[in-house]
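Enquirer: For reference, the structure I am asking about is given below.
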Amino acid sequence: MAGLDPLVLDINGQRAEVTVRRSALARSMSLRVDAVRGIVLVLPPRARQADALHFLYSHAGWLSERLQKLPQALALCDGAHVPLLGRDHLIRHHPEARRGVWAEDGEIHVSGQADHVGRRVGDFLKAEAKRRMTAKAHDLAARIGRKPSRITVKDTVSRWGSCSAQGAIALSWRLVMAPEAVMDYVVGHEVAHLAELNHSPAFWAIVARLGVDHHGGRRWLKAHGALLHRYQPG
């Protein structure tokens, strides 16, 4: 499915960017709105841009209603709350401190200038995600006699994790905000792909052997996963 240049709409005075994708499988235009990508318009191969705009504006009321229901973006600033391993933490800024960023007793403390608080908290969360998920991935992989060729932690959008045919595992840093069992499930899921690059019964048998909570992890991400994307580092 190829991406096209985004479109910008004015919906009841609200500026909204639309991600446009053309799909060889699509027989008609379709719209969806979610907390991660916003508005996504899928077009059939030969659809014209003029027709796409008409389709969008004909659904302006529906789009406006759906956009208003999306969770609001949350800045990682002094006084804000952000989850770490599923536990809510209060962000506290200490301009006089020289300790960097550290978590303690349900709080995330940040030294340095106020303008850098969001970025520094984001960097802290990403580093925690990298440290914890890398260690977990190597531990689980050793249990099945495998070893990842590479582990990267980034801000993935479409999937919480992936594993390539070459054994490279990619994981979303935002999982560090979920309960630890949820984070472990995603890591275990991708590690199982080191042995079975499919979703066959043999794959699910490996997931079960790794002891991660497959059913609970999937349920939690389906119910709460989109909310993890509302936190915006500076």
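Letters A, B, ... mark the chains of the structure tokens in the order given; residue numbers begin at 1 per chain; ligand numbers begin at 1, in order shown.
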Could you list, as a ChimeraX atom specification, every residue within 7 Å of A:Leu90, counting only C-alpha atoms and ignoring same-chain residues fewer than 3 positions away?
Expert: /A:79-82,106-108
Enquirer: Mind writing the picked residues with N, CA and C atoms as a CSV table (one decimal), in the first residue's frame?
Expert:
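Generated output (again-v8.csv):
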chain,number,residue,atom,x,y,z
A,79,GLY,N,4.9,18.6,36.8
A,79,GLY,CA,3.5,18.5,37.3
A,79,GLY,C,2.6,17.5,36.6
A,80,ALA,N,3.1,17.0,35.4
A,80,ALA,CA,2.3,16.1,34.6
A,80,ALA,C,2.5,14.7,35.2
A,81,HIS,N,1.6,13.8,34.8
A,81,HIS,CA,1.8,12.4,35.2
A,81,HIS,C,2.0,11.5,34.0
A,82,VAL,N,2.8,10.5,34.2
A,82,VAL,CA,3.1,9.6,33.1
A,82,VAL,C,3.3,8.2,33.7
A,106,GLY,N,7.5,6.7,43.0
A,106,GLY,CA,6.3,7.2,42.2
A,106,GLY,C,6.5,8.5,41.6
A,107,GLU,N,7.7,9.0,41.5
A,107,GLU,CA,8.0,10.3,40.9
A,107,GLU,C,9.1,10.2,39.9
A,108,ILE,N,9.1,11.0,38.9
A,108,ILE,CA,10.2,11.1,37.9
A,108,ILE,C,10.8,12.5,38.1
Enquirer: Just want the 12 Å neighbourhood of stretch 110-113 of chain A, counted on only C-alpha atoms, with same-chain residues fewer than 4 positions away dropped. Output as a list of chain:residue names.
Expert: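 So the residues in contact are A:Leu76, A:Cys77, A:Asp78, A:Gly79, A:Leu90, A:Ile91, A:Arg92, A:His93, A:His94, A:Pro95, A:Glu96, A:Ala97, A:Arg98, A:Arg99, A:Gly100, A:Val101, A:Trp102, A:Ala103, A:Glu104, A:Val117, A:Gly118, A:Arg119, A:Arg120, A:Val121, A:Gly122, A:Asp123, A:Phe124.
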Enquirer: With only C-alpha atoms as the basis for distance, which of A:Gly161, A:Arg132, A:Tyr185, A:Pro83 is at the shortest distance from A:Leu228?
Expert: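 When distances to A:Leu228 are compared using only C-alpha atoms, the smallest one comes from A:Pro83.
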Enquirer: DSSP on the backbone: which residues in stretch 97-159 of chain A end up as strand (DSSP E or B)? Give the answer as JSON, numbers by chain.
Expert: {"A": [101, 102, 103, 104, 107, 108, 109, 110, 111, 150, 151, 152, 153, 154]}
Enquirer: Write out the residues from the selection above, keeping N, CA, C and O atoms, as an mmCIF file, in the first residue's frame.
Expert:
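Result saved to out.cif:
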data_model
loop_
_atom_site.group_PDB
_atom_site.id
_atom_site.type_symbol
_atom_site.label_atom_id
_atom_site.label_comp_id
_atom_site.auth_asym_id
_atom_site.auth_seq_id
_atom_site.Cartn_x
_atom_site.Cartn_y
_atom_site.Cartn_z
ATOM 1 N N VAL A 101 18.044 12.581 35.212
ATOM 2 C CA VAL A 101 16.653 12.159 35.409
ATOM 3 C C VAL A 101 16.661 10.846 36.171
ATOM 4 O O VAL A 101 17.422 9.934 35.840
ATOM 5 N N TRP A 102 15.808 10.742 37.188
ATOM 6 C CA TRP A 102 15.737 9.509 37.949
ATOM 7 C C TRP A 102 14.314 9.302 38.485
ATOM 8 O O TRP A 102 13.571 10.254 38.711
ATOM 9 N N ALA A 103 13.939 8.033 38.619
ATOM 10 C CA ALA A 103 12.621 7.671 39.144
ATOM 11 C C ALA A 103 12.769 7.179 40.575
ATOM 12 O O ALA A 103 13.676 6.395 40.889
ATOM 13 N N GLU A 104 11.843 7.651 41.428
ATOM 14 C CA GLU A 104 11.935 7.301 42.839
ATOM 15 C C GLU A 104 10.591 7.531 43.513
ATOM 16 O O GLU A 104 9.995 8.603 43.392
ATOM 17 N N GLU A 107 7.704 8.997 41.519
ATOM 18 C CA GLU A 107 7.963 10.286 40.881
ATOM 19 C C GLU A 107 9.148 10.173 39.929
ATOM 20 O O GLU A 107 10.062 9.376 40.160
ATOM 21 N N ILE A 108 9.114 10.967 38.861
ATOM 22 C CA ILE A 108 10.241 11.074 37.946
ATOM 23 C C ILE A 108 10.818 12.468 38.129
ATOM 24 O O ILE A 108 10.148 13.478 37.877
ATOM 25 N N HIS A 109 12.040 12.537 38.602
ATOM 26 C CA HIS A 109 12.700 13.803 38.900
ATOM 27 C C HIS A 109 13.599 14.207 37.732
ATOM 28 O O HIS A 109 14.314 13.374 37.174
ATOM 29 N N VAL A 110 13.568 15.496 37.402
ATOM 30 C CA VAL A 110 14.294 15.997 36.239
ATOM 31 C C VAL A 110 15.077 17.241 36.633
ATOM 32 O O VAL A 110 14.509 18.204 37.155
ATOM 33 N N SER A 111 16.383 17.229 36.373
ATOM 34 C CA SER A 111 17.201 18.405 36.618
ATOM 35 C C SER A 111 17.368 19.191 35.322
ATOM 36 O O SER A 111 16.895 18.781 34.264
ATOM 37 N N ARG A 150 19.926 -8.247 16.228
ATOM 38 C CA ARG A 150 19.917 -6.835 16.613
ATOM 39 C C ARG A 150 18.611 -6.540 17.349
ATOM 40 O O ARG A 150 17.578 -7.119 17.034
ATOM 41 N N ILE A 151 18.661 -5.640 18.327
ATOM 42 C CA ILE A 151 17.450 -5.195 19.025
ATOM 43 C C ILE A 151 17.417 -3.678 18.988
ATOM 44 O O ILE A 151 18.351 -3.022 19.449
ATOM 45 N N THR A 152 16.373 -3.123 18.410
ATOM 46 C CA THR A 152 16.224 -1.670 18.360
ATOM 47 C C THR A 152 14.929 -1.281 19.053
ATOM 48 O O THR A 152 13.943 -2.019 19.023
ATOM 49 N N VAL A 153 14.947 -0.121 19.684
ATOM 50 C CA VAL A 153 13.772 0.419 20.361
ATOM 51 C C VAL A 153 13.480 1.772 19.738
ATOM 52 O O VAL A 153 14.333 2.664 19.737
ATOM 53 N N LYS A 154 12.292 1.923 19.166
ATOM 54 C CA LYS A 154 11.945 3.169 18.491
ATOM 55 C C LYS A 154 10.463 3.461 18.661
ATOM 56 O O LYS A 154 9.757 2.719 19.362
#
Enquirer: What are the DSSP alpha helix (DSSP H) residues of stretch 186-222 of chain A, as a list in words?
Expert: Val186, Val187, Gly188, His189, Glu190, Val191, Ala192, Pro201, Ala202, Phe203, Trp204, Ala205, Ile206, Val207, Ala208, Arg209, Leu210, His214, His215, Gly216, Gly217, Arg218, Arg219, Trp220, Leu221 and Lys222 of chain A
Enquirer: Between A:Gly38, A:Gly188, A:Gly86, A:Pro44, which has the minimum distance to A:Leu67 (counting only C-alpha atoms)?
Expert: A:Gly38
Enquirer: Between A:Trp204, A:Asn12, A:Arg46, A:Val186, which is the closest to A:Ser28 once you count only C-alpha atoms?
Expert: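 Smallest separation from A:Ser28 among the options: A:Arg46.
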Enquirer: So, with only C-alpha atoms as the atoms that count, which of A:Ala47, A:Leu63, A:Met183, A:Ala52 lies closest to A:Gly217?
Expert: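 Of A:Ala47, A:Leu63, A:Met183, A:Ala52, the one nearest A:Gly217 is A:Met183, counting only C-alpha atoms.
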Enquirer: Can you tell me which residues surround A:Ser164 at a distance of at most 10 Å, considering only C-alpha atoms, apart from same-chain residues fewer than 6 positions away, and format the answer as a PDB file with N, CA and C atoms, in the first residue's frame?
Expert:
ATOM      1  N   PRO A 148      18.972 -12.836  19.109  1.00  0.00           N
ATOM      2  CA  PRO A 148      18.619 -11.798  18.126  1.00  0.00           C
ATOM      3  C   PRO A 148      19.870 -11.243  17.460  1.00  0.00           C
ATOM      4  N   SER A 149      19.773 -10.927  16.183  1.00  0.00           N
ATOM      5  CA  SER A 149      20.908 -10.315  15.497  1.00  0.00           C
ATOM      6  C   SER A 149      21.038  -8.849  15.879  1.00  0.00           C
ATOM      7  N   ARG A 150      19.926  -8.247  16.228  1.00  0.00           N
ATOM      8  CA  ARG A 150      19.917  -6.835  16.613  1.00  0.00           C
ATOM      9  C   ARG A 150      18.611  -6.540  17.349  1.00  0.00           C
ATOM     10  N   ALA A 170      12.553  -5.268  16.556  1.00  0.00           N
ATOM     11  CA  ALA A 170      12.267  -3.853  16.802  1.00  0.00           C
ATOM     12  C   ALA A 170      11.087  -3.774  17.755  1.00  0.00           C
ATOM     13  N   GLU A 190       7.888 -11.453  19.967  1.00  0.00           N
ATOM     14  CA  GLU A 190       8.889 -11.255  18.917  1.00  0.00           C
ATOM     15  C   GLU A 190      10.036 -12.248  19.036  1.00  0.00           C
ATOM     16  N   HIS A 193       9.340 -15.428  17.354  1.00  0.00           N
ATOM     17  CA  HIS A 193       9.497 -15.378  15.898  1.00  0.00           C
ATOM     18  C   HIS A 193      10.927 -15.708  15.457  1.00  0.00           C
ATOM     19  N   LEU A 194      11.873 -15.671  16.378  1.00  0.00           N
ATOM     20  CA  LEU A 194      13.232 -16.078  16.019  1.00  0.00           C
ATOM     21  C   LEU A 194      13.261 -17.552  15.616  1.00  0.00           C
ATOM     22  N   LEU A 197       8.823 -17.898  12.193  1.00  0.00           N
ATOM     23  CA  LEU A 197       8.470 -16.597  11.610  1.00  0.00           C
ATOM     24  C   LEU A 197       7.068 -16.671  11.003  1.00  0.00           C
TER      25      LEU A 197
END
Enquirer: Return the single residue from A:Met133, A:Met177, A:Ala142, A:Val42 that is closest to A:Arg27, with distances computed using only C-alpha atoms.
Expert: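 Using only C-alpha atoms, A:Arg27 sits closest to A:Val42.
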Enquirer: Using only C-alpha atoms, find the one residue out of A:Pro201, A:Gly145, A:Gly13, A:Gly211 that sits nearest to A:Asp184.
Expert: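 When distances to A:Asp184 are compared using only C-alpha atoms, the smallest one comes from A:Gly211.
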Enquirer: With a distance cut-off of 9 Å and only C-alpha atoms, select the neighbouring residues of A:Gln14, excluding the residue or stretch itself and same-chain residues fewer than 4 positions from it, and output the selection as an MDAnalysis selection string.
Expert: chainID A and resid 9:10 64
Enquirer: I'd like the interatomic distance between atom CA of A:Ile11 and atom CA of A:Arg159, to a tenth of an Å.
Expert: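 Value for the atom CA of A:Ile11-atom CA of A:Arg159 distance: 28.9 Å.
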Enquirer: Mind pulling up the distance from atom CA of A:Ala75 to atom CA of A:Gln232?
Expert: 5.1 Å
Enquirer: Hey, what's within 7 Å of stretch 138-141 of chain A if we count only C-alpha atoms and toss same-chain stuff fewer than 6 positions away? As a VMD selection string, please?
Expert: chain A and resid 147 188 191 210
Enquirer: Using only C-alpha atoms, determine which residues lie at most 12 Å from A:Met29, disregarding the query and same-chain residues fewer than 4 positions distant; provide the list as a short mmCIF file (atom, residue, chain, number, x, y, z; two decimals) with all heavy atoms, in the first residue's frame.
Expert:
data_model
loop_
_atom_site.label_atom_id
_atom_site.label_comp_id
_atom_site.auth_asym_id
_atom_site.auth_seq_id
_atom_site.Cartn_x
_atom_site.Cartn_y
_atom_site.Cartn_z
N VAL A 20 -2.99 9.85 3.31
CA VAL A 20 -3.64 9.25 2.15
C VAL A 20 -2.82 8.06 1.68
O VAL A 20 -1.61 8.16 1.47
CB VAL A 20 -3.78 10.27 1.00
CG1 VAL A 20 -4.53 9.65 -0.17
CG2 VAL A 20 -4.49 11.53 1.48
N ARG A 21 -3.49 6.92 1.52
CA ARG A 21 -2.83 5.72 1.03
C ARG A 21 -3.63 5.14 -0.13
O ARG A 21 -4.86 5.14 -0.11
CB ARG A 21 -2.70 4.67 2.15
CG ARG A 21 -1.90 5.19 3.34
CD ARG A 21 -1.62 4.06 4.32
NE ARG A 21 -0.97 4.55 5.52
CZ ARG A 21 0.32 4.81 5.62
NH1 ARG A 21 1.10 4.63 4.57
NH2 ARG A 21 0.84 5.25 6.75
N ARG A 22 -2.93 4.65 -1.13
CA ARG A 22 -3.59 4.02 -2.27
C ARG A 22 -3.32 2.50 -2.18
O ARG A 22 -2.18 2.08 -2.01
CB ARG A 22 -3.06 4.58 -3.57
CG ARG A 22 -3.96 4.30 -4.78
CD ARG A 22 -3.39 4.91 -6.04
NE ARG A 22 -3.33 6.36 -6.04
CZ ARG A 22 -4.37 7.14 -6.35
NH1 ARG A 22 -5.53 6.61 -6.67
NH2 ARG A 22 -4.22 8.46 -6.35
N SER A 23 -4.37 1.72 -2.28
CA SER A 23 -4.25 0.27 -2.15
C SER A 23 -4.78 -0.44 -3.39
O SER A 23 -5.89 -0.14 -3.86
CB SER A 23 -5.02 -0.20 -0.92
OG SER A 23 -5.09 -1.61 -0.89
N ALA A 24 -4.00 -1.39 -3.88
CA ALA A 24 -4.43 -2.17 -5.04
C ALA A 24 -5.62 -3.07 -4.70
O ALA A 24 -6.34 -3.52 -5.59
CB ALA A 24 -3.27 -3.02 -5.54
N LEU A 25 -5.83 -3.32 -3.41
CA LEU A 25 -6.92 -4.19 -2.98
C LEU A 25 -8.22 -3.45 -2.72
O LEU A 25 -9.28 -4.07 -2.60
CB LEU A 25 -6.51 -4.95 -1.71
CG LEU A 25 -5.27 -5.83 -1.82
CD1 LEU A 25 -4.95 -6.47 -0.48
CD2 LEU A 25 -5.46 -6.90 -2.89
N VAL A 40 -7.07 8.63 8.35
CA VAL A 40 -6.43 7.86 7.28
C VAL A 40 -7.46 7.60 6.19
O VAL A 40 -8.54 7.07 6.46
CB VAL A 40 -5.87 6.52 7.79
CG1 VAL A 40 -5.22 5.74 6.64
CG2 VAL A 40 -4.86 6.75 8.91
N LEU A 41 -7.13 8.00 4.95
CA LEU A 41 -7.99 7.78 3.80
C LEU A 41 -7.33 6.76 2.88
O LEU A 41 -6.19 6.95 2.47
CB LEU A 41 -8.21 9.10 3.05
CG LEU A 41 -8.91 9.02 1.68
CD1 LEU A 41 -10.34 8.53 1.83
CD2 LEU A 41 -8.86 10.38 0.99
N VAL A 42 -8.04 5.69 2.57
CA VAL A 42 -7.53 4.66 1.67
C VAL A 42 -8.27 4.77 0.35
O VAL A 42 -9.51 4.79 0.32
CB VAL A 42 -7.70 3.25 2.26
CG1 VAL A 42 -7.18 2.19 1.28
CG2 VAL A 42 -6.97 3.14 3.60
N LEU A 43 -7.50 4.84 -0.75
CA LEU A 43 -8.07 5.03 -2.08
C LEU A 43 -7.84 3.80 -2.97
O LEU A 43 -6.80 3.15 -2.87
CB LEU A 43 -7.43 6.24 -2.76
CG LEU A 43 -7.52 7.59 -2.07
CD1 LEU A 43 -6.72 8.63 -2.87
CD2 LEU A 43 -8.96 8.03 -1.93
N PRO A 44 -8.77 3.52 -3.86
CA PRO A 44 -8.53 2.51 -4.90
C PRO A 44 -7.45 3.01 -5.85
O PRO A 44 -7.12 4.21 -5.86
CB PRO A 44 -9.89 2.39 -5.61
CG PRO A 44 -10.87 3.05 -4.70
CD PRO A 44 -10.13 4.09 -3.94
N PRO A 45 -6.89 2.15 -6.67
CA PRO A 45 -5.76 2.53 -7.53
C PRO A 45 -6.00 3.74 -8.42
O PRO A 45 -5.11 4.56 -8.62
CB PRO A 45 -5.51 1.27 -8.36
CG PRO A 45 -6.02 0.16 -7.51
CD PRO A 45 -7.20 0.71 -6.77
N ARG A 46 -7.21 3.89 -8.99
CA ARG A 46 -7.43 4.94 -9.97
C ARG A 46 -8.27 6.11 -9.45
O ARG A 46 -8.72 6.95 -10.24
CB ARG A 46 -8.12 4.35 -11.20
CG ARG A 46 -7.26 3.29 -11.91
CD ARG A 46 -7.94 2.78 -13.16
NE ARG A 46 -7.11 1.78 -13.84
CZ ARG A 46 -7.44 1.18 -14.97
NH1 ARG A 46 -8.60 1.48 -15.56
NH2 ARG A 46 -6.64 0.28 -15.51
N ALA A 47 -8.46 6.20 -8.17
CA ALA A 47 -9.25 7.30 -7.61
C ALA A 47 -8.55 8.63 -7.83
O ALA A 47 -7.33 8.74 -7.70
CB ALA A 47 -9.49 7.07 -6.13
N ARG A 48 -9.31 9.67 -8.16
CA ARG A 48 -8.76 11.00 -8.40
C ARG A 48 -8.76 11.80 -7.10
O ARG A 48 -9.60 11.59 -6.23
CB ARG A 48 -9.58 11.73 -9.46
CG ARG A 48 -9.60 11.05 -10.83
CD ARG A 48 -10.44 11.86 -11.81
NE ARG A 48 -11.78 12.08 -11.28
CZ ARG A 48 -12.67 12.92 -11.81
NH1 ARG A 48 -12.33 13.64 -12.88
NH2 ARG A 48 -13.88 13.07 -11.28
N GLN A 49 -7.82 12.75 -6.99
CA GLN A 49 -7.74 13.58 -5.79
C GLN A 49 -9.00 14.40 -5.60
O GLN A 49 -9.46 14.60 -4.47
CB GLN A 49 -6.52 14.51 -5.85
CG GLN A 49 -6.39 15.37 -4.59
CD GLN A 49 -5.03 16.00 -4.45
OE1 GLN A 49 -4.02 15.33 -4.62
NE2 GLN A 49 -5.00 17.29 -4.16
N ASP A 51 -12.01 13.57 -6.35
CA ASP A 51 -13.02 12.69 -5.77
C ASP A 51 -12.72 12.41 -4.30
O ASP A 51 -13.64 12.29 -3.48
CB ASP A 51 -13.07 11.37 -6.54
CG ASP A 51 -13.57 11.56 -7.97
OD1 ASP A 51 -14.35 12.50 -8.20
OD2 ASP A 51 -13.15 10.77 -8.84
N ALA A 52 -11.44 12.31 -3.98
CA ALA A 52 -11.05 12.06 -2.60
C ALA A 52 -11.45 13.23 -1.70
O ALA A 52 -11.97 13.04 -0.60
CB ALA A 52 -9.54 11.83 -2.52
N LEU A 53 -11.23 14.46 -2.17
CA LEU A 53 -11.62 15.63 -1.39
C LEU A 53 -13.13 15.69 -1.20
O LEU A 53 -13.62 16.01 -0.11
CB LEU A 53 -11.12 16.91 -2.09
CG LEU A 53 -9.62 17.17 -1.99
CD1 LEU A 53 -9.22 18.31 -2.92
CD2 LEU A 53 -9.24 17.49 -0.54
N HIS A 54 -13.87 15.39 -2.25
CA HIS A 54 -15.33 15.38 -2.14
C HIS A 54 -15.77 14.34 -1.11
O HIS A 54 -16.67 14.61 -0.28
CB HIS A 54 -15.96 15.08 -3.50
CG HIS A 54 -17.45 14.97 -3.45
ND1 HIS A 54 -18.27 16.07 -3.38
CD2 HIS A 54 -18.27 13.87 -3.43
CE1 HIS A 54 -19.52 15.66 -3.32
NE2 HIS A 54 -19.55 14.34 -3.36
N PHE A 55 -15.15 13.20 -1.13
CA PHE A 55 -15.48 12.12 -0.19
C PHE A 55 -15.19 12.57 1.24
O PHE A 55 -16.00 12.35 2.15
CB PHE A 55 -14.66 10.89 -0.54
CG PHE A 55 -14.90 9.70 0.35
CD1 PHE A 55 -16.05 8.93 0.20
CD2 PHE A 55 -13.98 9.35 1.32
CE1 PHE A 55 -16.27 7.82 1.01
CE2 PHE A 55 -14.19 8.25 2.13
CZ PHE A 55 -15.34 7.48 1.98
N LEU A 56 -14.05 13.22 1.44
CA LEU A 56 -13.68 13.68 2.78
C LEU A 56 -14.68 14.70 3.31
O LEU A 56 -15.16 14.60 4.45
CB LEU A 56 -12.27 14.27 2.76
CG LEU A 56 -11.12 13.26 2.64
CD1 LEU A 56 -9.82 13.97 2.29
CD2 LEU A 56 -10.96 12.50 3.96
N HIS A 59 -17.97 13.60 4.52
CA HIS A 59 -17.95 12.93 5.82
C HIS A 59 -17.42 13.86 6.92
O HIS A 59 -16.97 13.41 7.97
CB HIS A 59 -17.07 11.67 5.76
CG HIS A 59 -17.66 10.56 4.95
ND1 HIS A 59 -17.60 10.54 3.58
CD2 HIS A 59 -18.33 9.43 5.32
CE1 HIS A 59 -18.19 9.45 3.13
NE2 HIS A 59 -18.66 8.76 4.16
#
